[in-house]
Amino acid sequence: MNSSHYAWVRVSSIKPWKLILPHYNQTAKISSMAYTIGHNNQSKSFIISSKKNVSDLRGAFPVRVIKKNLQYKIGPIVGILTTSGFKTFRGNRKNFIDIIQTGIKTGVLVYVFTPESIEQGSKTVKAHLYYPEQKKWDSVSMPLPDVVYNRIPTRREERLPIVQQTIQFLETEGIPFFNPHFFNKWSLYQWMGESHELAPILPDTAILERTRLQNLLKKYQMLYLKPIHGKAGIGFMKVQKKITYSI
């Protein structure tokens with residue numbers, strides 16, 4: 001039978017990890033239990049303590065502790081995959097911080113990592129953790145995540161051999177991979193068109209070609225042109241029909 005409760009974990013690259021429990025009477029009860037963490041259920045030793053005051057939680061992350069048989073599973077862990085750059089990693093850091101803070105509220109440990117940070121032999125990751133109180137990032141060796149959220153910034157980077165090798169490695173490990181690749185807008189339109197709920201509300205859409213454009217301009221006063229592989233509004237155009245009068 002499975003059961004779960006919340007705790008806090010303080011991670012470190014040089015010190016033993018610490019598991020902080022809400023109540024003192026829990027420490028003796030579970031201190032002798034085996035712990036696993038990450039997708040590959042990596043065994044991990046913790047210093048077990050209880051929360052005496054708020055200062056005990058400084059630098060610690062809320063996590064769920066799930067009991068299964070004679071083991072405790074710490075997690076889940078979500079890894080945000082991006083690329084290297086700007087001394088550490090690229091991507092929308094504000095968005096990453098929002099995701100991390102949502103994880104803190106729900107007991108999900110979230111970190112950022114890059115293809116270069118994976119140690120495939122030991123199945124660990126040099127992860128980037130964000131500490132909201134100090135408003136700073138720190139790098140810590142972590143187990144592979146239970147789930148990966150793909151945030152590779154561009155299509156060009158997505159095609160890089162090291163990125164493709166990383167995606168293949170994660171898929172081979174059987175790690176759920178959310179947002180697996182960039183989509184093109186025409187494919188999305190076709191997929192949504194197969195939905196009985198969405199099809200009736202989709203705008204009239206077509207691949208651009210001269211005759212089709214002329215026919216649509218006869219039907220509508222205004223059209224929008226969007227690159228199939230574009231993003232963030234780049235290359236977005238509005239075509240508006242103007243009516244002129246002469247006497």
# chains A, B, ... in the order shown; residues from 1 in each chain; ligands from 1
call {"tool": "residues_around", "arguments": {"residues": "Thr102 of chain A", "least_positions_apart": "4", "cutoff": "12 Å", "atoms": "only C-alpha atoms", "output": "PyMOL selection string"}}
result
chain A and resi 61-62+78+95-98+106-111+132
call {"tool": "write_last_selection", "arguments": {"atoms": "all heavy atoms", "output": "tab-separated table (two decimals), in the first residue's frame"}}
result
chain	number	residue	atom	x	y	z
A	61	PHE	N	14.05	22.45	-0.28
A	61	PHE	CA	12.96	22.40	-1.24
A	61	PHE	C	11.86	21.46	-0.75
A	61	PHE	O	12.15	20.34	-0.32
A	61	PHE	CB	13.46	21.90	-2.60
A	61	PHE	CG	14.42	22.84	-3.28
A	61	PHE	CD1	15.78	22.73	-3.08
A	61	PHE	CD2	13.94	23.83	-4.12
A	61	PHE	CE1	16.67	23.59	-3.70
A	61	PHE	CE2	14.82	24.70	-4.75
A	61	PHE	CZ	16.18	24.58	-4.54
A	62	PRO	N	10.60	21.89	-0.81
A	62	PRO	CA	9.50	20.99	-0.46
A	62	PRO	C	9.44	19.82	-1.45
A	62	PRO	O	9.58	20.02	-2.66
A	62	PRO	CB	8.25	21.87	-0.58
A	62	PRO	CG	8.75	23.28	-0.56
A	62	PRO	CD	10.11	23.24	-1.18
A	78	VAL	N	11.25	17.14	-11.85
A	78	VAL	CA	11.02	17.58	-13.23
A	78	VAL	C	12.27	18.31	-13.71
A	78	VAL	O	12.76	19.22	-13.03
A	78	VAL	CB	9.79	18.51	-13.33
A	78	VAL	CG1	9.67	19.09	-14.75
A	78	VAL	CG2	8.52	17.76	-12.96
A	95	ASN	N	10.52	32.52	-17.02
A	95	ASN	CA	9.57	31.42	-17.15
A	95	ASN	C	10.04	30.20	-16.37
A	95	ASN	O	9.24	29.53	-15.70
A	95	ASN	CB	9.37	31.08	-18.63
A	95	ASN	CG	8.43	29.91	-18.84
A	95	ASN	OD1	8.85	28.85	-19.30
A	95	ASN	ND2	7.17	30.07	-18.50
A	96	PHE	N	11.33	29.90	-16.43
A	96	PHE	CA	11.87	28.77	-15.69
A	96	PHE	C	11.65	28.96	-14.18
A	96	PHE	O	11.28	28.02	-13.47
A	96	PHE	CB	13.37	28.61	-15.96
A	96	PHE	CG	13.70	28.22	-17.39
A	96	PHE	CD1	15.01	28.27	-17.84
A	96	PHE	CD2	12.72	27.82	-18.28
A	96	PHE	CE1	15.33	27.91	-19.14
A	96	PHE	CE2	13.02	27.47	-19.59
A	96	PHE	CZ	14.33	27.52	-20.02
A	97	ILE	N	11.90	30.18	-13.71
A	97	ILE	CA	11.71	30.47	-12.28
A	97	ILE	C	10.24	30.30	-11.89
A	97	ILE	O	9.93	29.76	-10.82
A	97	ILE	CB	12.22	31.88	-11.95
A	97	ILE	CG1	13.75	31.92	-12.04
A	97	ILE	CG2	11.77	32.32	-10.54
A	97	ILE	CD1	14.35	33.31	-11.94
A	98	ASP	N	9.33	30.74	-12.76
A	98	ASP	CA	7.90	30.56	-12.48
A	98	ASP	C	7.55	29.08	-12.33
A	98	ASP	O	6.79	28.69	-11.43
A	98	ASP	CB	7.06	31.17	-13.60
A	98	ASP	CG	7.06	32.69	-13.59
A	98	ASP	OD1	7.41	33.27	-12.54
A	98	ASP	OD2	6.73	33.30	-14.62
A	106	THR	N	3.93	22.90	-4.86
A	106	THR	CA	3.23	21.61	-4.99
A	106	THR	C	4.08	20.41	-4.59
A	106	THR	O	3.66	19.27	-4.77
A	106	THR	CB	2.76	21.42	-6.45
A	106	THR	OG1	3.89	21.53	-7.33
A	106	THR	CG2	1.73	22.47	-6.83
A	107	GLY	N	5.28	20.66	-4.07
A	107	GLY	CA	6.13	19.55	-3.64
A	107	GLY	C	6.81	18.82	-4.77
A	107	GLY	O	7.10	17.63	-4.66
A	108	VAL	N	7.07	19.53	-5.87
A	108	VAL	CA	7.76	18.95	-7.02
A	108	VAL	C	9.11	19.66	-7.17
A	108	VAL	O	9.16	20.88	-7.27
A	108	VAL	CB	6.94	19.11	-8.32
A	108	VAL	CG1	7.72	18.56	-9.52
A	108	VAL	CG2	5.59	18.41	-8.18
A	109	LEU	N	10.19	18.90	-7.17
A	109	LEU	CA	11.52	19.47	-7.30
A	109	LEU	C	11.83	19.67	-8.78
A	109	LEU	O	11.80	18.73	-9.57
A	109	LEU	CB	12.55	18.53	-6.66
A	109	LEU	CG	14.00	19.00	-6.60
A	109	LEU	CD1	14.11	20.34	-5.89
A	109	LEU	CD2	14.86	17.96	-5.90
A	110	VAL	N	12.11	20.92	-9.17
A	110	VAL	CA	12.34	21.27	-10.57
A	110	VAL	C	13.74	21.83	-10.73
A	110	VAL	O	14.16	22.69	-9.96
A	110	VAL	CB	11.31	22.31	-11.06
A	110	VAL	CG1	11.52	22.60	-12.55
A	110	VAL	CG2	9.89	21.83	-10.81
A	111	TYR	N	14.45	21.34	-11.73
A	111	TYR	CA	15.76	21.93	-12.04
A	111	TYR	C	15.90	22.12	-13.55
A	111	TYR	O	15.13	21.57	-14.34
A	111	TYR	CB	16.91	21.10	-11.47
A	111	TYR	CG	17.06	19.68	-11.98
A	111	TYR	CD1	17.37	19.39	-13.31
A	111	TYR	CD2	16.94	18.60	-11.09
A	111	TYR	CE1	17.54	18.09	-13.75
A	111	TYR	CE2	17.11	17.29	-11.53
A	111	TYR	CZ	17.42	17.04	-12.86
A	111	TYR	OH	17.59	15.74	-13.29
A	132	PRO	N	14.76	30.75	-4.41
A	132	PRO	CA	14.00	32.00	-4.44
A	132	PRO	C	14.37	32.98	-3.33
A	132	PRO	O	14.39	34.20	-3.57
A	132	PRO	CB	12.55	31.53	-4.27
A	132	PRO	CG	12.55	30.11	-4.73
A	132	PRO	CD	13.90	29.57	-4.33
call {"tool": "residues_around", "arguments": {"residues": "Leu19 of chain A", "least_positions_apart": "3", "cutoff": "9 Å", "atoms": "only C-alpha atoms", "output": "list of chain:residue names"}}
result
A:Ala7, A:Trp8, A:Val9, A:Arg10, A:Val11, A:Phe46, A:Ile47, A:Ile48, A:Ser49, A:Ser50, A:Ala60
call {"tool": "write_last_selection", "arguments": {"atoms": "N, CA, C and O atoms", "output": "mmCIF file, in the first residue's frame"}}
result
data_model
loop_
_atom_site.group_PDB
_atom_site.id
_atom_site.type_symbol
_atom_site.label_atom_id
_atom_site.label_comp_id
_atom_site.auth_asym_id
_atom_site.auth_seq_id
_atom_site.Cartn_x
_atom_site.Cartn_y
_atom_site.Cartn_z
ATOM 1 N N ALA A 7 7.690 16.775 2.891
ATOM 2 C CA ALA A 7 8.883 17.039 3.680
ATOM 3 C C ALA A 7 9.691 18.089 2.921
ATOM 4 O O ALA A 7 9.200 18.693 1.959
ATOM 5 N N TRP A 8 10.923 18.306 3.355
ATOM 6 C CA TRP A 8 11.811 19.238 2.670
ATOM 7 C C TRP A 8 13.162 18.564 2.488
ATOM 8 O O TRP A 8 13.602 17.781 3.334
ATOM 9 N N VAL A 9 13.816 18.853 1.383
ATOM 10 C CA VAL A 9 15.132 18.274 1.140
ATOM 11 C C VAL A 9 16.128 19.400 0.873
ATOM 12 O O VAL A 9 15.830 20.351 0.148
ATOM 13 N N ARG A 10 17.280 19.296 1.508
ATOM 14 C CA ARG A 10 18.366 20.245 1.264
ATOM 15 C C ARG A 10 19.473 19.492 0.544
ATOM 16 O O ARG A 10 20.022 18.522 1.063
ATOM 17 N N VAL A 11 19.778 19.927 -0.681
ATOM 18 C CA VAL A 11 20.751 19.221 -1.508
ATOM 19 C C VAL A 11 22.083 19.960 -1.493
ATOM 20 O O VAL A 11 22.144 21.166 -1.240
ATOM 21 N N PHE A 46 20.254 10.018 3.438
ATOM 22 C CA PHE A 46 19.895 11.342 3.939
ATOM 23 C C PHE A 46 20.202 11.443 5.426
ATOM 24 O O PHE A 46 20.113 10.455 6.165
ATOM 25 N N ILE A 47 20.546 12.642 5.850
ATOM 26 C CA ILE A 47 20.507 12.959 7.274
ATOM 27 C C ILE A 47 19.065 13.343 7.587
ATOM 28 O O ILE A 47 18.505 14.245 6.960
ATOM 29 N N ILE A 48 18.451 12.652 8.522
ATOM 30 C CA ILE A 48 17.043 12.878 8.837
ATOM 31 C C ILE A 48 16.935 13.807 10.036
ATOM 32 O O ILE A 48 17.593 13.611 11.058
ATOM 33 N N SER A 49 16.118 14.832 9.908
ATOM 34 C CA SER A 49 15.880 15.736 11.031
ATOM 35 C C SER A 49 14.430 16.197 10.979
ATOM 36 O O SER A 49 13.696 15.890 10.040
ATOM 37 N N SER A 50 14.019 16.938 11.981
ATOM 38 C CA SER A 50 12.661 17.469 12.004
ATOM 39 C C SER A 50 12.706 18.987 12.015
ATOM 40 O O SER A 50 13.702 19.596 12.409
ATOM 41 N N ALA A 60 16.040 24.782 1.622
ATOM 42 C CA ALA A 60 15.480 23.445 1.396
ATOM 43 C C ALA A 60 14.283 23.529 0.453
ATOM 44 O O ALA A 60 13.586 24.541 0.399
#
call {"tool": "residues_around", "arguments": {"residues": "Thr114 of chain A", "least_positions_apart": "6", "cutoff": "10 Å", "atoms": "only C-alpha atoms", "output": "PyMOL selection string"}}
result
chain A and resi 79-85+88-90+125-128+151-152+162-163+166
call {"tool": "select_by_dssp", "arguments": {"residues": "segment 150-235 of chain A", "states": "helix (DSSP H, G or I)", "output": "NGL selection string"}}
result
:A and (155-158 or 161-172 or 185-193 or 199-201 or 210-219)
call {"tool": "residues_around", "arguments": {"residues": "Asp138 of chain A", "least_positions_apart": "4", "cutoff": "8 Å", "atoms": "only C-alpha atoms", "output": "JSON, numbers by chain"}}
result
{"A": [128, 129, 130, 131]}
call {"tool": "write_last_selection", "arguments": {"atoms": "N, CA and C atoms", "output": "short mmCIF file (atom, residue, chain, number, x, y, z; two decimals), in the first residue's frame"}}
result
data_model
loop_
_atom_site.label_atom_id
_atom_site.label_comp_id
_atom_site.auth_asym_id
_atom_site.auth_seq_id
_atom_site.Cartn_x
_atom_site.Cartn_y
_atom_site.Cartn_z
N HIS A 128 20.88 22.85 -12.54
CA HIS A 128 20.83 24.23 -12.07
C HIS A 128 19.57 24.40 -11.23
N LEU A 129 19.77 24.64 -9.94
CA LEU A 129 18.66 24.84 -9.01
C LEU A 129 18.53 26.32 -8.70
N TYR A 130 17.29 26.77 -8.56
CA TYR A 130 17.05 28.18 -8.22
C TYR A 130 16.55 28.28 -6.79
N TYR A 131 17.18 29.19 -6.02
CA TYR A 131 16.81 29.41 -4.63
C TYR A 131 16.09 30.76 -4.53
#
call {"tool": "residues_around", "arguments": {"residues": "Ser187 of chain A", "least_positions_apart": "5", "cutoff": "12 Å", "atoms": "only C-alpha atoms", "output": "list of chain:residue names"}}
result
A:Phe182, A:Met192, A:Gly193, A:Glu194, A:Thr205, A:Ala206, A:Ile207, A:Ile228, A:His229
call {"tool": "write_last_selection", "arguments": {"atoms": "N, CA, C and O atoms", "output": "PDB file, in the first residue's frame"}}
result
ATOM      1  N   PHE A 182       9.668  20.929 -31.789  1.00  0.00           N
ATOM      2  CA  PHE A 182       8.929  22.054 -32.347  1.00  0.00           C
ATOM      3  C   PHE A 182       7.855  21.536 -33.306  1.00  0.00           C
ATOM      4  O   PHE A 182       8.091  20.612 -34.079  1.00  0.00           O
ATOM      5  N   MET A 192      -5.811  19.691 -34.906  1.00  0.00           N
ATOM      6  CA  MET A 192      -6.983  20.269 -34.241  1.00  0.00           C
ATOM      7  C   MET A 192      -8.236  20.079 -35.084  1.00  0.00           C
ATOM      8  O   MET A 192      -9.338  19.948 -34.550  1.00  0.00           O
ATOM      9  N   GLY A 193      -8.060  20.048 -36.407  1.00  0.00           N
ATOM     10  CA  GLY A 193      -9.202  19.851 -37.289  1.00  0.00           C
ATOM     11  C   GLY A 193      -9.831  18.477 -37.160  1.00  0.00           C
ATOM     12  O   GLY A 193     -10.980  18.268 -37.568  1.00  0.00           O
ATOM     13  N   GLU A 194      -9.094  17.528 -36.589  1.00  0.00           N
ATOM     14  CA  GLU A 194      -9.629  16.182 -36.377  1.00  0.00           C
ATOM     15  C   GLU A 194     -10.489  16.094 -35.118  1.00  0.00           C
ATOM     16  O   GLU A 194     -11.126  15.070 -34.869  1.00  0.00           O
ATOM     17  N   THR A 205      -8.234  28.230 -42.863  1.00  0.00           N
ATOM     18  CA  THR A 205      -6.770  28.255 -42.941  1.00  0.00           C
ATOM     19  C   THR A 205      -6.304  27.448 -44.143  1.00  0.00           C
ATOM     20  O   THR A 205      -6.882  26.408 -44.465  1.00  0.00           O
ATOM     21  N   ALA A 206      -5.261  27.926 -44.800  1.00  0.00           N
ATOM     22  CA  ALA A 206      -4.752  27.222 -45.977  1.00  0.00           C
ATOM     23  C   ALA A 206      -3.279  27.538 -46.167  1.00  0.00           C
ATOM     24  O   ALA A 206      -2.770  28.548 -45.664  1.00  0.00           O
ATOM     25  N   ILE A 207      -2.585  26.649 -46.878  1.00  0.00           N
ATOM     26  CA  ILE A 207      -1.213  26.922 -47.293  1.00  0.00           C
ATOM     27  C   ILE A 207      -1.251  28.037 -48.344  1.00  0.00           C
ATOM     28  O   ILE A 207      -2.069  28.009 -49.264  1.00  0.00           O
ATOM     29  N   ILE A 228       5.026  28.957 -41.278  1.00  0.00           N
ATOM     30  CA  ILE A 228       4.729  27.650 -40.693  1.00  0.00           C
ATOM     31  C   ILE A 228       5.667  27.344 -39.530  1.00  0.00           C
ATOM     32  O   ILE A 228       5.257  26.803 -38.504  1.00  0.00           O
ATOM     33  N   HIS A 229       6.947  27.706 -39.677  1.00  0.00           N
ATOM     34  CA  HIS A 229       7.935  27.375 -38.656  1.00  0.00           C
ATOM     35  C   HIS A 229       8.300  28.577 -37.784  1.00  0.00           C
ATOM     36  O   HIS A 229       9.301  28.540 -37.070  1.00  0.00           O
TER      37      HIS A 229
END
call {"tool": "closest_residue", "arguments": {"among": "A:Tyr149, A:Val63, A:Val239, A:Asn69", "to": "Leu213 of chain A", "atoms": "only C-alpha atoms"}}
result
A:Val239
call {"tool": "closest_residue", "arguments": {"among": "A:Lys135, A:Leu198, A:Arg64, A:Gln71", "to": "Gln101 of chain A", "atoms": "only C-alpha atoms"}}
result
A:Lys135
call {"tool": "select_by_dssp", "arguments": {"residues": "segment 25-205 of chain A", "states": "strand (DSSP E)", "output": "PyMOL selection string"}}
result
chain A and resi 34-37+42-43+46-50+61-68+71-75+77-81+109-113+118-119+124-131+136-143+147-150+177-178
call {"tool": "atom_distance", "arguments": {"atom1": "atom CA of Tyr35 of chain A", "atom2": "atom CA of Gly75 of chain A"}}
result
10.7 Å
call {"tool": "residues_around", "arguments": {"residues": "Ser12 of chain A", "least_positions_apart": "5", "cutoff": "10 Å", "atoms": "only C-alpha atoms", "output": "PDB file with C-alpha atoms, in the first residue's frame"}}
result
ATOM      1  CA  TRP A  17      21.719  15.629   1.700  1.00  0.00           C
ATOM      2  CA  LYS A  18      19.262  16.422   4.461  1.00  0.00           C
ATOM      3  CA  ASP A 138      23.456  26.986  -7.993  1.00  0.00           C
ATOM      4  CA  SER A 139      24.760  23.842  -9.703  1.00  0.00           C
ATOM      5  CA  VAL A 140      24.320  20.502  -7.952  1.00  0.00           C
ATOM      6  CA  SER A 141      24.732  16.903  -9.102  1.00  0.00           C
ATOM      7  CA  MET A 142      21.246  15.383  -9.256  1.00  0.00           C
TER       8      MET A 142
END
